[in-house]
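These notes concern the structure reproduced below.
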Amino acid sequence: WMKRPAAVLGRVAKRPASGWSMADVQRAQIFVTGKVQGVYYRDTTKLMGDRLGLSGAAWNLADGRVEILAEGPQEKLKEMVEWCWKGPDGAKEVGLENSLTAKRKVTDVQVTYEDAQGGLPSPFSNAGRK
């Protein structure tokens, strides 16, 4: 028996997308520092989150960082964290390349993991400013 995804575009998932049980998933809170605003970082994070099948969202913070909350299997979250370190190549990897993405520069990525809580958007969301 296969679970259906918990949400459709624009709705918040009550359980993780892709049919995972809550026992299989974790939550990652990721803070990305550098030239990550005004360079399509949130848009490409949404594309990568969708590609990995994660639930979550990305926000611009007032201090210039981007915050990402994501839920999914730990190996997929680790792939997301590795991708977060990529500058312009990260944008190219998800099919977006222009003069602004060329200016991306990541100087730090901090991540904490915890048990999944659910309630994150699925599919992944570019959530604007926090």
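Please note that chains go A, B, ... in the order of the structure tokens, that every chain numbers its residues from 1, and that ligands are numbered from 1 in the order shown.
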
Tell me, as a short mmCIF file (atom, residue, chain, number, x, y, z; two decimals) with all heavy atoms, in the first residue's frame, which residues lie within 10 Å of A:Asp43, counting only C-alpha atoms; anything in the same chain fewer than 2 positions away does not count.
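Result file follows (around07.cif):
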data_model
loop_
_atom_site.label_atom_id
_atom_site.label_comp_id
_atom_site.auth_asym_id
_atom_site.auth_seq_id
_atom_site.Cartn_x
_atom_site.Cartn_y
_atom_site.Cartn_z
N VAL A 39 20.12 36.92 -5.49
CA VAL A 39 20.85 36.09 -6.47
C VAL A 39 20.12 34.77 -6.75
O VAL A 39 20.74 33.79 -7.14
CB VAL A 39 22.31 35.83 -6.00
CG1 VAL A 39 23.12 37.11 -6.01
CG2 VAL A 39 22.34 35.18 -4.63
N TYR A 40 18.81 34.77 -6.53
CA TYR A 40 17.95 33.60 -6.78
C TYR A 40 18.27 32.42 -5.87
O TYR A 40 17.98 31.28 -6.21
CB TYR A 40 18.00 33.16 -8.26
CG TYR A 40 17.39 34.17 -9.18
CD1 TYR A 40 18.18 35.12 -9.82
CD2 TYR A 40 16.02 34.17 -9.43
CE1 TYR A 40 17.62 36.06 -10.67
CE2 TYR A 40 15.45 35.10 -10.28
CZ TYR A 40 16.26 36.04 -10.90
OH TYR A 40 15.70 36.97 -11.73
N TYR A 41 18.83 32.68 -4.70
CA TYR A 41 19.17 31.56 -3.81
C TYR A 41 17.92 30.83 -3.33
O TYR A 41 17.87 29.60 -3.35
CB TYR A 41 20.00 32.05 -2.61
CG TYR A 41 20.74 30.92 -1.93
CD1 TYR A 41 22.01 30.58 -2.35
CD2 TYR A 41 20.14 30.17 -0.93
CE1 TYR A 41 22.69 29.52 -1.77
CE2 TYR A 41 20.81 29.11 -0.34
CZ TYR A 41 22.09 28.79 -0.77
OH TYR A 41 22.74 27.73 -0.21
N THR A 45 16.85 27.05 -4.15
CA THR A 45 16.65 26.15 -3.01
C THR A 45 15.32 25.43 -3.14
O THR A 45 15.23 24.23 -2.88
CB THR A 45 16.70 26.94 -1.69
OG1 THR A 45 17.99 27.55 -1.55
CG2 THR A 45 16.45 26.03 -0.49
N LYS A 46 14.29 26.14 -3.59
CA LYS A 46 12.99 25.52 -3.82
C LYS A 46 13.11 24.42 -4.88
O LYS A 46 12.61 23.31 -4.70
CB LYS A 46 11.95 26.57 -4.26
CG LYS A 46 10.54 26.01 -4.40
CD LYS A 46 10.00 26.26 -5.79
CE LYS A 46 8.60 25.76 -6.02
NZ LYS A 46 8.36 24.35 -5.82
N LEU A 47 13.82 24.72 -5.97
CA LEU A 47 14.00 23.73 -7.03
C LEU A 47 14.75 22.50 -6.52
O LEU A 47 14.39 21.36 -6.83
CB LEU A 47 14.74 24.35 -8.23
CG LEU A 47 13.98 25.43 -8.98
CD1 LEU A 47 14.90 26.12 -9.99
CD2 LEU A 47 12.76 24.84 -9.69
N MET A 48 15.80 22.73 -5.72
CA MET A 48 16.57 21.60 -5.18
C MET A 48 15.74 20.82 -4.17
O MET A 48 15.77 19.59 -4.15
CB MET A 48 17.88 22.09 -4.55
CG MET A 48 18.82 20.97 -4.19
SD MET A 48 19.29 20.03 -5.67
CE MET A 48 20.50 18.94 -4.99
N GLY A 49 15.00 21.51 -3.31
CA GLY A 49 14.13 20.83 -2.35
C GLY A 49 13.11 19.95 -3.06
O GLY A 49 12.87 18.80 -2.66
N ALA A 58 12.21 28.32 2.36
CA ALA A 58 13.41 29.15 2.49
C ALA A 58 12.98 30.60 2.61
O ALA A 58 12.09 31.05 1.89
CB ALA A 58 14.32 28.96 1.28
N ALA A 91 23.21 26.86 -8.61
CA ALA A 91 22.11 27.34 -9.45
C ALA A 91 22.09 26.60 -10.79
O ALA A 91 21.02 26.18 -11.26
CB ALA A 91 22.24 28.84 -9.68
N VAL A 94 20.45 23.11 -10.82
CA VAL A 94 18.98 23.01 -10.86
C VAL A 94 18.39 23.76 -12.05
O VAL A 94 17.18 23.97 -12.12
CB VAL A 94 18.33 23.49 -9.53
CG1 VAL A 94 18.71 22.55 -8.39
CG2 VAL A 94 18.67 24.93 -9.21
N LEU A 96 19.20 26.97 -13.41
CA LEU A 96 19.06 28.42 -13.42
C LEU A 96 20.45 29.05 -13.50
O LEU A 96 21.29 28.81 -12.63
CB LEU A 96 18.32 28.91 -12.18
CG LEU A 96 17.95 30.39 -12.13
CD1 LEU A 96 17.02 30.76 -13.28
CD2 LEU A 96 17.27 30.71 -10.81
N PHE A 124 8.20 22.12 -1.78
CA PHE A 124 9.07 23.10 -1.14
C PHE A 124 8.66 24.52 -1.55
O PHE A 124 8.19 24.74 -2.65
CB PHE A 124 10.52 22.84 -1.57
CG PHE A 124 11.54 23.13 -0.52
CD1 PHE A 124 11.92 22.16 0.37
CD2 PHE A 124 12.11 24.39 -0.42
CE1 PHE A 124 12.86 22.43 1.35
CE2 PHE A 124 13.04 24.67 0.55
CZ PHE A 124 13.42 23.68 1.44
N SER A 125 8.86 25.49 -0.66
CA SER A 125 8.37 26.85 -0.89
C SER A 125 9.48 27.90 -0.80
O SER A 125 10.32 27.83 0.09
CB SER A 125 7.29 27.18 0.15
OG SER A 125 6.90 28.52 0.07
N ASN A 126 9.44 28.85 -1.72
CA ASN A 126 10.20 30.09 -1.60
C ASN A 126 9.28 31.01 -0.80
O ASN A 126 8.31 31.52 -1.31
CB ASN A 126 10.51 30.67 -2.97
CG ASN A 126 11.14 32.05 -2.89
OD1 ASN A 126 11.17 32.69 -1.85
ND2 ASN A 126 11.65 32.51 -4.02
N ALA A 127 9.57 31.19 0.49
CA ALA A 127 8.64 31.84 1.39
C ALA A 127 8.84 33.33 1.58
O ALA A 127 8.20 33.94 2.44
CB ALA A 127 8.67 31.12 2.74
N GLY A 128 9.75 33.95 0.83
CA GLY A 128 9.93 35.40 0.93
C GLY A 128 10.77 35.80 2.13
O GLY A 128 11.73 35.14 2.48
#

Long-range neighbours of A:Arg129 as number ranges by chain, 8 Å cut-off, only C-alpha atoms, 5 positions minimum in chain: A: 59-62

Selection near stretch 101-111 of chain A, 12 Å with only C-alpha atoms, sequence-local residues under 5 positions removed, as JSON, numbers by chain: {"A": [27, 28, 29, 30, 31, 32, 33, 34, 35, 36, 37, 38, 39, 40, 41, 42, 43, 44, 64, 65, 66, 67, 68, 69, 70, 77, 78, 80, 81, 82, 83, 84, 85, 86, 87, 88, 89, 90, 91, 92, 93, 94, 95, 96]}

In chain A, DSSP helix (DSSP H, G or I) residues written as a PyMOL selection string: chain A and resi 17-19+22-24+41-52+74-84+88-93+101-103

Backbone-only DSSP, strand (DSSP E) members of stretch 34-112 of chain A, as a PyMOL selection string: chain A and resi 34-35+55-60+66-72+105-112

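Relative to atom CA of A:Val25, atom CA of A:Asp115 is found at 7.3 Å.
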
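The interatomic distance for the pair atom CA of A:Tyr113 and atom CA of A:Arg51 works out to 20.3 Å.
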